[in-house]
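Asker: This is target-v5.txt, which holds compact mmCIF, C-alpha atoms and all ligand atoms:
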```txt
# COMPACT_ATOMS: atom_id res chain seq x y z
CA MET A 1 139.59 123.78 100.62
CA ASN A 2 139.13 125.69 97.37
CA THR A 3 135.35 126.07 97.55
CA SER A 4 134.89 125.46 93.81
CA THR A 5 136.08 121.88 94.33
CA HIS A 6 133.92 121.29 97.37
CA PRO A 7 131.99 118.01 96.83
CA ALA A 8 128.68 119.84 97.28
CA LEU A 9 129.44 121.96 94.19
CA LEU A 10 130.36 118.92 92.13
CA GLY A 11 127.00 117.31 92.83
CA SER A 12 128.50 114.76 95.23
CA LEU A 13 126.03 112.63 97.17
CA LYS A 14 128.50 111.27 99.68
CA GLN A 15 128.01 111.82 103.35
CA SER A 16 129.71 114.76 105.03
CA LYS A 17 131.79 113.78 108.04
CA THR A 18 130.11 116.49 110.09
CA ALA A 19 126.54 115.32 109.46
CA GLY A 20 124.44 112.68 111.17
CA LYS A 21 121.74 111.31 108.90
CA LEU A 22 122.17 111.60 105.12
CA ILE A 23 119.06 113.10 103.52
CA ASN A 24 118.86 112.54 99.79
CA PHE A 25 116.89 115.28 98.03
CA SER A 26 118.00 114.09 94.55
CA PRO A 27 115.51 114.22 91.68
CA GLY A 28 116.27 110.60 90.84
CA PRO A 29 117.61 108.02 91.01
CA THR A 30 117.19 108.44 94.70
CA SER A 31 116.82 106.57 97.97
CA LEU A 32 113.84 104.51 99.09
CA PRO A 33 112.15 104.74 102.49
CA GLU A 34 114.43 103.41 105.21
CA ALA A 35 112.14 100.47 105.97
CA VAL A 36 112.20 99.42 102.29
CA GLU A 37 116.00 99.69 102.14
CA GLU A 38 116.17 97.47 105.23
CA ARG A 39 113.82 94.96 103.60
CA ILE A 40 116.08 94.88 100.53
CA ALA A 41 119.14 94.31 102.73
CA ASP A 42 117.29 91.51 104.57
CA SER A 43 116.46 89.82 101.27
CA PHE A 44 120.21 89.30 100.77
CA LYS A 45 120.46 87.57 104.14
CA ARG A 46 117.71 85.03 103.36
CA PRO A 47 118.88 81.49 102.67
CA GLY A 48 118.65 80.54 98.99
CA LEU A 49 118.79 82.66 95.87
CA THR A 50 117.93 86.36 95.73
CA SER A 51 115.78 87.68 92.92
CA LEU A 52 119.00 88.85 91.23
CA ALA A 53 119.85 85.23 90.57
CA LEU A 54 116.39 83.72 90.07
CA SER A 55 115.35 82.50 86.66
CA HIS A 56 112.43 84.66 85.61
CA ARG A 57 110.51 81.51 84.73
CA SER A 58 111.05 79.80 88.10
CA PRO A 59 108.08 79.33 90.43
CA GLU A 60 109.89 81.50 92.99
CA PHE A 61 110.09 84.47 90.64
CA ILE A 62 106.57 83.95 89.28
CA ASP A 63 105.42 84.25 92.88
CA ILE A 64 107.38 87.52 93.28
CA ILE A 65 106.03 89.09 90.08
CA ASP A 66 102.45 87.99 90.84
CA ARG A 67 102.64 89.45 94.34
CA THR A 68 104.18 92.69 93.07
CA LYS A 69 101.49 93.08 90.42
CA ALA A 70 98.74 92.39 92.93
CA SER A 71 100.11 94.94 95.39
CA VAL A 72 100.49 97.61 92.68
CA ARG A 73 96.86 96.99 91.73
CA ARG A 74 95.66 97.19 95.33
CA VAL A 75 97.66 100.32 96.22
CA MET A 76 96.78 102.23 93.07
CA GLY A 77 93.25 100.84 92.68
CA ILE A 78 93.93 99.61 89.14
CA PRO A 79 90.82 97.99 87.64
CA ASP A 80 90.81 94.66 85.74
CA GLN A 81 90.36 96.55 82.48
CA TYR A 82 94.08 97.46 82.67
CA GLU A 83 97.28 95.43 82.24
CA VAL A 84 100.23 96.05 84.55
CA LEU A 85 103.51 95.76 82.64
CA PHE A 86 107.11 95.94 83.85
CA THR A 87 108.78 97.54 80.87
CA HIS A 88 112.35 98.25 79.76
CA GLY A 89 114.07 101.43 78.64
CA GLY A 90 113.01 103.85 81.39
CA GLY A 91 110.87 106.89 80.77
CA HIS A 92 112.63 107.49 77.46
CA GLY A 93 111.73 103.98 76.35
CA GLN A 94 108.08 104.88 76.91
CA PHE A 95 108.48 108.15 74.98
CA ALA A 96 109.03 105.88 71.96
CA ALA A 97 106.85 102.94 73.04
CA VAL A 98 103.70 105.05 73.43
CA PRO A 99 103.43 106.25 69.79
CA LEU A 100 104.77 102.92 68.49
CA ASN A 101 101.98 101.06 70.31
CA LEU A 102 99.12 103.48 69.81
CA CYS A 103 99.77 104.72 66.26
CA HIS A 104 99.57 102.14 63.52
CA LYS A 105 100.69 104.55 60.80
CA THR A 106 103.08 107.50 60.90
CA SER A 107 100.20 109.67 59.66
CA ASP A 108 98.18 108.92 62.82
CA VAL A 109 97.77 112.05 64.95
CA ALA A 110 98.70 112.35 68.63
CA THR A 111 98.31 115.47 70.78
CA TYR A 112 101.00 116.49 73.28
CA VAL A 113 100.84 119.12 76.00
CA VAL A 114 104.36 120.52 76.17
CA ASN A 115 104.80 122.42 79.42
CA GLY A 116 108.28 121.43 80.56
CA THR A 117 111.51 119.72 79.74
CA TRP A 118 110.22 116.13 79.85
CA THR A 119 107.17 116.71 77.69
CA GLU A 120 109.45 118.47 75.21
CA ARG A 121 111.60 115.33 75.10
CA ALA A 122 108.57 113.05 74.82
CA ARG A 123 107.08 115.12 71.98
CA ASP A 124 110.40 115.27 70.12
CA GLU A 125 110.72 111.49 70.31
CA ALA A 126 107.15 111.03 69.08
CA LEU A 127 107.85 113.16 66.00
CA ARG A 128 109.68 110.14 64.55
CA TYR A 129 106.65 107.88 64.77
CA CYS A 130 103.46 109.85 64.28
CA ALA A 131 101.92 113.19 63.31
CA VAL A 132 102.27 115.29 66.45
CA GLN A 133 99.96 118.11 67.40
CA THR A 134 101.52 120.27 70.14
CA ILE A 135 99.69 122.34 72.73
CA ASP A 136 102.32 124.87 73.72
CA GLY A 137 102.34 125.32 77.50
CA ARG A 138 104.78 128.21 77.71
CA ASP A 139 103.82 131.28 79.74
CA SER A 140 103.82 134.85 78.37
CA MET A 141 107.56 135.15 79.15
CA GLY A 142 108.34 131.98 77.20
CA GLY A 143 109.04 129.89 80.32
CA TYR A 144 107.51 126.71 81.62
CA THR A 145 105.65 127.66 84.78
CA THR A 146 102.09 126.61 84.07
CA PHE A 147 99.69 124.11 82.51
CA PRO A 148 97.66 125.35 79.53
CA GLU A 149 93.88 125.45 79.32
CA LEU A 150 92.67 122.52 77.22
CA LYS A 151 90.46 123.78 74.39
CA GLU A 152 88.46 121.68 71.98
CA LYS A 153 89.85 123.55 68.97
CA ASP A 154 93.44 122.60 69.92
CA ILE A 155 92.76 118.87 70.10
CA ASP A 156 92.31 116.93 66.87
CA THR A 157 89.27 114.74 67.38
CA ASN A 158 91.10 111.89 65.62
CA SER A 159 94.06 111.94 68.00
CA ARG A 160 95.10 108.41 68.88
CA PHE A 161 96.07 109.66 72.33
CA PHE A 162 96.52 112.80 74.41
CA PHE A 163 99.90 113.00 76.20
CA LEU A 164 100.73 114.92 79.34
CA CYS A 165 103.17 114.72 82.22
CA SER A 166 101.44 114.86 85.59
CA ASN A 167 104.57 116.21 87.28
CA GLU A 168 107.19 118.10 85.30
CA THR A 169 110.17 117.12 87.45
CA VAL A 170 112.59 119.86 86.38
CA ASN A 171 110.13 122.75 86.19
CA GLY A 172 108.17 121.87 89.32
CA ILE A 173 104.70 121.90 87.74
CA GLU A 174 102.17 119.32 88.92
CA ASN A 175 98.58 118.45 88.11
CA HIS A 176 97.33 117.42 91.52
CA ARG A 177 94.45 115.71 89.74
CA LEU A 178 94.43 114.70 86.09
CA PRO A 179 92.86 117.36 83.89
CA LYS A 180 89.64 116.59 82.03
CA LEU A 181 89.56 116.91 78.26
CA PRO A 182 86.74 118.99 76.78
CA GLU A 183 83.53 116.89 76.64
CA SER A 184 83.76 116.36 72.86
CA ARG A 185 87.30 114.95 73.17
CA ARG A 186 86.81 112.53 76.06
CA HIS A 187 86.95 109.56 73.71
CA ILE A 188 90.71 110.18 73.33
CA PRO A 189 92.75 108.08 75.77
CA LEU A 190 95.04 110.01 78.09
CA VAL A 191 98.68 108.97 78.23
CA ILE A 192 100.30 110.05 81.47
CA ASP A 193 103.99 110.30 82.23
CA ALA A 194 103.76 109.84 86.02
CA SER A 195 107.46 109.09 86.43
CA SER A 196 107.94 111.50 89.31
CA ASP A 197 104.57 111.51 91.12
CA PHE A 198 103.27 107.94 90.92
CA THR A 199 101.84 106.67 94.25
CA THR A 200 101.55 110.17 95.72
CA LYS A 201 97.91 110.78 94.77
CA PRO A 202 94.92 108.74 93.70
CA ILE A 203 94.07 108.06 90.07
CA ASP A 204 90.51 107.48 88.96
CA TRP A 205 91.61 105.31 86.06
CA GLN A 206 88.41 104.97 84.08
CA ASP A 207 86.74 108.21 85.00
CA ASP A 208 89.91 110.15 84.23
CA GLY A 209 90.07 108.45 80.82
CA VAL A 210 93.54 106.97 81.34
CA GLY A 211 94.68 104.85 78.40
CA VAL A 212 98.34 104.42 79.36
CA LEU A 213 100.27 105.55 82.41
CA PHE A 214 103.96 104.96 82.92
CA ALA A 215 106.42 105.68 85.71
CA CYS A 216 110.14 105.01 85.62
CA ALA A 217 110.86 103.39 88.96
CA SER A 218 113.84 105.36 90.13
CA LYS A 219 112.01 108.20 91.90
CA ASN A 220 109.13 106.99 94.00
CA ILE A 221 108.91 103.23 93.59
CA GLY A 222 112.28 101.60 93.08
CA HIS A 223 115.55 101.53 91.22
CA PRO A 224 116.55 102.36 87.64
CA GLY A 225 116.05 99.42 85.29
CA VAL A 226 112.32 98.93 85.35
CA THR A 227 109.38 101.11 84.38
CA LEU A 228 105.85 100.44 85.45
CA THR A 229 103.45 100.79 82.52
CA VAL A 230 99.70 100.43 82.94
CA VAL A 231 97.75 99.95 79.70
CA ARG A 232 93.99 99.85 79.13
CA LYS A 233 93.24 96.50 77.53
CA ASP A 234 91.16 97.86 74.67
CA LEU A 235 94.32 99.62 73.38
CA LEU A 236 96.05 96.28 72.88
CA GLY A 237 95.76 94.18 69.72
CA ASN A 238 97.73 93.32 66.63
CA GLU A 239 95.92 95.84 64.46
CA LYS A 240 96.73 98.70 66.86
CA PHE A 241 100.52 98.99 67.04
CA SER A 242 103.00 100.10 64.38
CA PRO A 243 104.54 97.23 62.39
CA LEU A 244 107.89 98.77 63.38
CA CYS A 245 107.27 98.51 67.13
CA PRO A 246 110.12 96.44 68.61
CA GLY A 247 108.97 93.35 70.51
CA VAL A 248 110.62 94.51 73.69
CA PHE A 249 108.49 97.69 73.64
CA ASN A 250 105.32 96.03 72.40
CA TYR A 251 102.50 96.22 74.96
CA THR A 252 100.43 93.51 73.27
CA THR A 253 103.34 91.05 73.01
CA ASN A 254 104.40 91.64 76.61
CA ALA A 255 100.88 91.47 78.00
CA GLU A 256 100.25 88.18 76.16
CA ALA A 257 103.52 86.80 77.57
CA ASP A 258 102.65 87.87 81.12
CA ASN A 259 105.71 90.13 81.27
CA LEU A 260 108.02 87.22 80.43
CA TRP A 261 108.54 87.76 76.69
CA ASN A 262 112.17 88.45 77.49
CA THR A 263 114.06 88.64 80.80
CA PRO A 264 112.41 91.22 83.02
CA ALA A 265 114.35 93.22 85.64
CA THR A 266 113.79 90.58 88.31
CA PHE A 267 115.34 92.30 91.32
CA ASN A 268 113.87 95.70 90.47
CA ILE A 269 110.42 94.15 90.22
CA GLU A 270 110.76 92.63 93.68
CA VAL A 271 111.80 96.04 95.03
CA ILE A 272 108.62 97.62 93.62
CA GLY A 273 106.72 94.95 95.57
CA PHE A 274 108.56 95.86 98.78
CA LEU A 275 107.75 99.53 98.22
CA MET A 276 104.06 98.82 97.59
CA GLU A 277 103.82 96.71 100.75
CA TRP A 278 105.43 99.59 102.69
CA LEU A 279 102.85 101.98 101.23
CA GLU A 280 100.04 99.70 102.32
CA ARG A 281 101.42 99.58 105.86
CA GLU A 282 101.74 103.38 105.84
CA GLY A 283 98.09 104.01 104.98
CA GLY A 284 98.10 103.73 101.18
CA VAL A 285 97.88 106.50 98.63
CA ALA A 286 95.55 108.74 100.66
CA ALA A 287 98.01 108.93 103.55
CA ASN A 288 100.90 109.32 101.11
CA GLU A 289 99.19 112.28 99.50
CA ARG A 290 98.74 113.90 102.92
CA ARG A 291 102.45 113.43 103.59
CA SER A 292 103.35 114.95 100.20
CA ILE A 293 101.19 117.98 100.91
CA ALA A 294 102.78 118.38 104.35
CA LYS A 295 106.35 118.01 103.08
CA SER A 296 105.98 120.46 100.20
CA SER A 297 103.95 123.01 102.20
CA ILE A 298 106.72 123.26 104.79
CA LEU A 299 109.15 124.32 102.07
CA TYR A 300 106.84 126.58 100.06
CA ASP A 301 105.92 128.38 103.29
CA VAL A 302 109.57 129.17 103.97
CA ILE A 303 110.03 130.37 100.38
CA ASP A 304 106.86 132.50 100.37
CA ASN A 305 107.68 134.05 103.77
CA SER A 306 111.32 134.81 103.00
CA GLY A 307 110.72 138.34 101.73
CA GLY A 308 112.08 137.37 98.31
CA PHE A 309 115.32 135.81 99.59
CA TYR A 310 114.09 132.52 98.13
CA ARG A 311 111.93 132.40 95.02
CA THR A 312 110.12 129.57 93.29
CA PRO A 313 109.11 129.90 89.62
CA VAL A 314 105.55 128.54 89.68
CA GLN A 315 103.25 131.24 91.04
CA ASP A 316 99.95 129.38 90.66
CA LYS A 317 99.81 127.45 93.93
CA SER A 318 97.38 124.92 92.48
CA LEU A 319 100.13 123.85 90.05
CA ARG A 320 103.11 123.84 92.38
CA SER A 321 104.81 120.47 92.49
CA ARG A 322 104.63 118.56 95.73
CA MET A 323 107.43 116.36 94.46
CA ASN A 324 110.08 118.78 93.26
CA VAL A 325 110.35 122.20 94.87
CA PRO A 326 112.58 124.49 92.79
CA PHE A 327 113.92 127.60 94.52
CA ASN A 328 116.69 130.10 94.00
CA VAL A 329 118.75 131.91 96.59
CA ASN A 330 118.80 135.70 96.57
CA GLY A 331 117.72 135.98 92.94
CA GLY A 332 120.16 133.28 91.79
CA ASP A 333 123.27 134.88 93.35
CA GLU A 334 125.90 132.24 92.50
CA ASN A 335 128.15 132.93 95.54
CA LEU A 336 125.30 132.59 98.00
CA THR A 337 123.96 129.56 96.14
CA SER A 338 127.36 127.87 96.48
CA GLU A 339 127.45 128.79 100.16
CA PHE A 340 123.93 127.33 100.57
CA LEU A 341 124.98 124.08 98.89
CA ILE A 342 128.15 123.72 100.95
CA GLN A 343 126.53 124.47 104.28
CA SER A 344 123.49 122.26 103.68
CA TRP A 345 125.79 119.44 102.45
CA ASN A 346 127.82 119.79 105.66
CA GLU A 347 124.58 119.29 107.57
CA GLY A 348 123.78 116.07 105.70
CA MET A 349 121.52 117.25 102.87
CA VAL A 350 122.54 116.16 99.37
CA GLY A 351 121.08 116.24 95.88
CA LEU A 352 119.80 119.81 95.92
CA ARG A 353 121.66 120.54 92.71
CA THR A 354 122.33 117.63 90.39
CA LEU A 355 123.28 117.74 86.76
CA THR A 356 120.40 117.20 84.34
CA PRO A 357 120.39 116.87 80.53
CA PHE A 358 119.06 120.42 80.65
CA GLY A 359 121.94 121.89 82.69
CA VAL A 360 121.68 123.06 86.29
CA GLY A 361 120.02 126.45 85.83
CA SER A 362 119.88 128.98 88.65
CA TYR A 363 117.28 127.03 90.63
CA LEU A 364 118.09 124.47 93.27
CA ARG A 365 115.53 121.72 93.73
CA ALA A 366 114.37 119.76 96.73
CA SER A 367 112.83 116.49 95.57
CA LEU A 368 110.42 115.03 98.10
CA TYR A 369 109.84 111.49 96.93
CA ASN A 370 108.80 108.57 99.12
CA CYS A 371 112.24 108.40 100.80
CA ILE A 372 111.80 111.87 102.30
CA THR A 373 109.88 112.10 105.56
CA VAL A 374 108.00 115.11 106.89
CA GLU A 375 110.82 115.47 109.44
CA ASP A 376 113.42 115.54 106.64
CA ALA A 377 111.52 118.35 104.88
CA ALA A 378 111.27 120.22 108.19
CA TYR A 379 115.04 119.81 108.67
CA LEU A 380 115.69 121.49 105.31
CA ALA A 381 113.11 124.19 106.05
CA ASP A 382 114.84 124.93 109.33
CA PHE A 383 118.20 125.18 107.57
CA MET A 384 116.70 127.53 104.95
CA LYS A 385 115.34 129.81 107.65
CA ARG A 386 118.66 129.91 109.50
CA PHE A 387 120.55 130.54 106.24
CA ALA A 388 118.23 133.40 105.27
CA GLY A 389 118.57 134.86 108.79
CA LYS A 390 122.33 134.89 108.38
CA TYR A 391 122.67 136.19 104.83
CA GLN A 392 119.60 138.24 104.05
CA MET A 393 120.43 141.93 103.48
CA LYS A 394 124.19 141.30 103.53
C1 LIG A 401 108.75 113.10 84.30
C2 LIG A 401 109.90 112.31 83.75
N1 LIG A 401 109.75 111.62 82.62
C3 LIG A 401 110.75 110.90 82.09
C4 LIG A 401 112.00 110.86 82.69
C5 LIG A 401 113.10 110.09 82.04
O1 LIG A 401 113.21 108.85 82.61
P1 LIG A 401 114.44 107.87 82.26
O2 LIG A 401 115.69 108.56 82.69
O3 LIG A 401 114.12 106.63 83.04
O4 LIG A 401 114.43 107.62 80.80
C6 LIG A 401 112.21 111.55 83.88
C7 LIG A 401 113.51 111.49 84.54
O5 LIG A 401 113.90 112.31 85.35
C8 LIG A 401 111.13 112.30 84.43
O6 LIG A 401 111.28 112.99 85.55
```
Just give me the structure of the file as structure tokens.
Ligand SMILES: Cc1ncc(COP(=O)(O)O)c(C=O)c1O
Answerer:
Amino acid sequence: MNTSTHPALLGSLKQSKTAGKLINFSPGPTSLPEAVEERIADSFKRPGLTSLALSHRSPEFIDIIDRTKASVRRVMGIPDQYEVLFTHGGGHGQFAAVPLNLCHKTSDVATYVVNGTWTERARDEALRYCAVQTIDGRDSMGGYTTFPELKEKDIDTNSRFFFLCSNETVNGIENHRLPKLPESRRHIPLVIDASSDFTTKPIDWQDDGVGVLFACASKNIGHPGVTLTVVRKDLLGNEKFSPLCPGVFNYTTNAEADNLWNTPATFNIEVIGFLMEWLEREGGVAANERRSIAKSSILYDVIDNSGGFYRTPVQDKSLRSRMNVPFNVNGGDENLTSEFLIQSWNEGMVGLRTLTPFGVGSYLRASLYNCITVEDAAYLADFMKRFAGKYQMK
């Protein structure tokens, strides 16, 4: 086969004939834990209608949405002072919804930490709806490899909200705990894009000052088509949102209608419930965090002990993502990178290089969401060691 047309180099996620288990390291959408996928399959074998066909106003669906909400609250310890919304439009929908809900006028100020591709996108979207103050998180070389120090002088005291992404999926930068604003700015509600790390660490909602947190489902908690958005109730109210905020994005409207203002993503909501019940059975968020640390450490150890054969861009270990581990092969050598992709694909590992709106870059990326087990991460680590043993110094 002409190697340039090998499925692994085209980003194919299909199973190689030579591999046993398919391990999906995609950055999202991605797989769900095996037990959750089985539960979904079982739901299609039940007598009666599946949630794909249930009216969202039927008692059967109301039961599903109530149970899903309750399990999200239990797993993530969400206090009564917050609404749990199942919103439309993915992460990008929330990039618009956040300023439209929290800024009444376009002159209202909002502060954004921009330290990666997704916060750049979020900030650029917000520029249409409010007066944005940017905290530039680039390092001295102009790259995104860090999280900036938060200084009082850089945060307008009148900011309606303070936006950050707790895991920059493409750049591999994670806040393992939410950062604290300087004392004099703690009145400003935090808005967290937790699309790629939700459920993998605890959140101290009130103490951390969270106003809004959203997570598109398709990485850790479900399928594309629904986004979980948690909103502190004091941020709701008719006098708060922009008059231009569309109803479908409006937190107040959707909270008042109990998530039934329009047709919610019925099936996707049920899947979030399945995932949350799985998490509860597997020891909740604390155990999930331990698994995330174990999975990512296995890979970072191989990278750090490879004598430079593999490199990862984030040097500050306290900021290295446990969700998305970027690494290059022999300084980004394209021939060896292609060889790495083909051989790992042949051994059943897919999704290590997918196309993004930001291109592919020279880094591969192993995404370690809830579908990936510690054994799966160890399987990749073992492959990386064998590959380095074969090609290093050649
Ligand atoms: C951190 C983060 N925010 C937002 C998005 C965009 O989400 P969506 O594609 O659902 O709009 C992504 C997608 O990869 C992401 O990783």
Asker: If you count only C-alpha atoms and all ligand atoms, which residues end up within 7 Å of ligand LIG 401 (chain A), as number ranges by chain?
Answerer: A: 27-28, 89-93, 118, 165, 167-169, 193-196, 216, 224
Asker: Measuring between all atoms listed in the file, which one of A:Ser31, A:Leu336, A:Ser16, A:Leu100 shows the shortest distance to Leu275 of chain A?
Answerer: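 When distances to Leu275 of chain A are compared using all atoms listed in the file, the smallest one comes from A:Ser31.
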Asker: My list of candidates is A:Ile342, A:Cys245, A:Ala381, A:Met76. Which is closest to Ser306 of chain A when distances are computed with all atoms listed in the file?
Answerer: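 Looking at the shortest contact to Ser306 of chain A, the residue is A:Ala381.
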Asker: Find the residues around Ser166 of chain A up to 12 Å (only C-alpha atoms counted), leave out those fewer than 6 positions away in its own chain, and share them as a tab-separated table (two decimals) with C-alpha atoms, in the coordinates of the input.
Answerer:
```tsv
chain	number	residue	atom	x	y	z
A	113	VAL	CA	100.84	119.12	76.00
A	114	VAL	CA	104.36	120.52	76.17
A	115	ASN	CA	104.80	122.42	79.42
A	116	GLY	CA	108.28	121.43	80.56
A	118	TRP	CA	110.22	116.13	79.85
A	119	THR	CA	107.17	116.71	77.69
A	146	THR	CA	102.09	126.61	84.07
A	147	PHE	CA	99.69	124.11	82.51
A	172	GLY	CA	108.17	121.87	89.32
A	173	ILE	CA	104.70	121.90	87.74
A	174	GLU	CA	102.17	119.32	88.92
A	175	ASN	CA	98.58	118.45	88.11
A	176	HIS	CA	97.33	117.42	91.52
A	177	ARG	CA	94.45	115.71	89.74
A	178	LEU	CA	94.43	114.70	86.09
A	179	PRO	CA	92.86	117.36	83.89
A	190	LEU	CA	95.04	110.01	78.09
A	191	VAL	CA	98.68	108.97	78.23
A	192	ILE	CA	100.30	110.05	81.47
A	193	ASP	CA	103.99	110.30	82.23
A	194	ALA	CA	103.76	109.84	86.02
A	195	SER	CA	107.46	109.09	86.43
A	196	SER	CA	107.94	111.50	89.31
A	197	ASP	CA	104.57	111.51	91.12
A	198	PHE	CA	103.27	107.94	90.92
A	199	THR	CA	101.84	106.67	94.25
A	200	THR	CA	101.55	110.17	95.72
A	201	LYS	CA	97.91	110.78	94.77
A	203	ILE	CA	94.07	108.06	90.07
A	210	VAL	CA	93.54	106.97	81.34
A	213	LEU	CA	100.27	105.55	82.41
A	214	PHE	CA	103.96	104.96	82.92
A	215	ALA	CA	106.42	105.68	85.71
A	319	LEU	CA	100.13	123.85	90.05
A	320	ARG	CA	103.11	123.84	92.38
A	321	SER	CA	104.81	120.47	92.49
A	322	ARG	CA	104.63	118.56	95.73
A	323	MET	CA	107.43	116.36	94.46
```
Asker: Using only C-alpha atoms for the distances, tell me which of A:Leu127, A:Leu364, A:Met384, A:Met349 is nearest to Thr337 of chain A.
Answerer: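 Selected residue with least distance to Thr337 of chain A: A:Leu364.
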Asker: Could you please determine the separation between atom CA of Lys390 of chain A and atom CA of Tyr310 of chain A in Å, to one decimal place?
Answerer: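 Going from atom CA of Lys390 of chain A over to atom CA of Tyr310 of chain A, I get 13.4 Å.
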Asker: Work out how far atom CA of Tyr112 of chain A is from atom CA of Thr134 of chain A, in Å to one decimal.
Answerer: 4.9 Å
Asker: For each of A:Gln206, A:Thr157, A:Ser242, A:Asn305, take the minimum atom-to-atom distance to Lys105 of chain A, counting only C-alpha atoms, then give the residue where this is smallest.
Answerer: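 Smallest separation from Lys105 of chain A among the options: A:Ser242.
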Asker: Of the residues A:Asp234, A:Asp333, A:Asp207, A:Glu120, which is the one nearest to Thr252 of chain A, using all atoms listed in the file?
Answerer: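 Among the listed residues, the smallest separation from Thr252 of chain A belongs to A:Asp234.
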Asker: Could you please determine the separation between atom CA of Thr111 of chain A and atom CA of Gln133 of chain A in Å, to one decimal place?
Answerer: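 Atom-to-atom, atom CA of Thr111 of chain A and atom CA of Gln133 of chain A are spaced 4.6 Å apart.
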Asker: Using only C-alpha atoms for the distances, tell me which of A:Ile23, A:Pro326, A:Val212, A:Ser55 is nearest to Tyr379 of chain A.
Answerer: A:Ile23
Asker: Which polymer residues have any atom within 12 Å of an atom of Arg67 of chain A, counting only C-alpha atoms, with same-chain residues fewer than 3 positions away left out, as a PyMOL selection string?
Answerer: chain A and resi 60-64+70-74+269-277
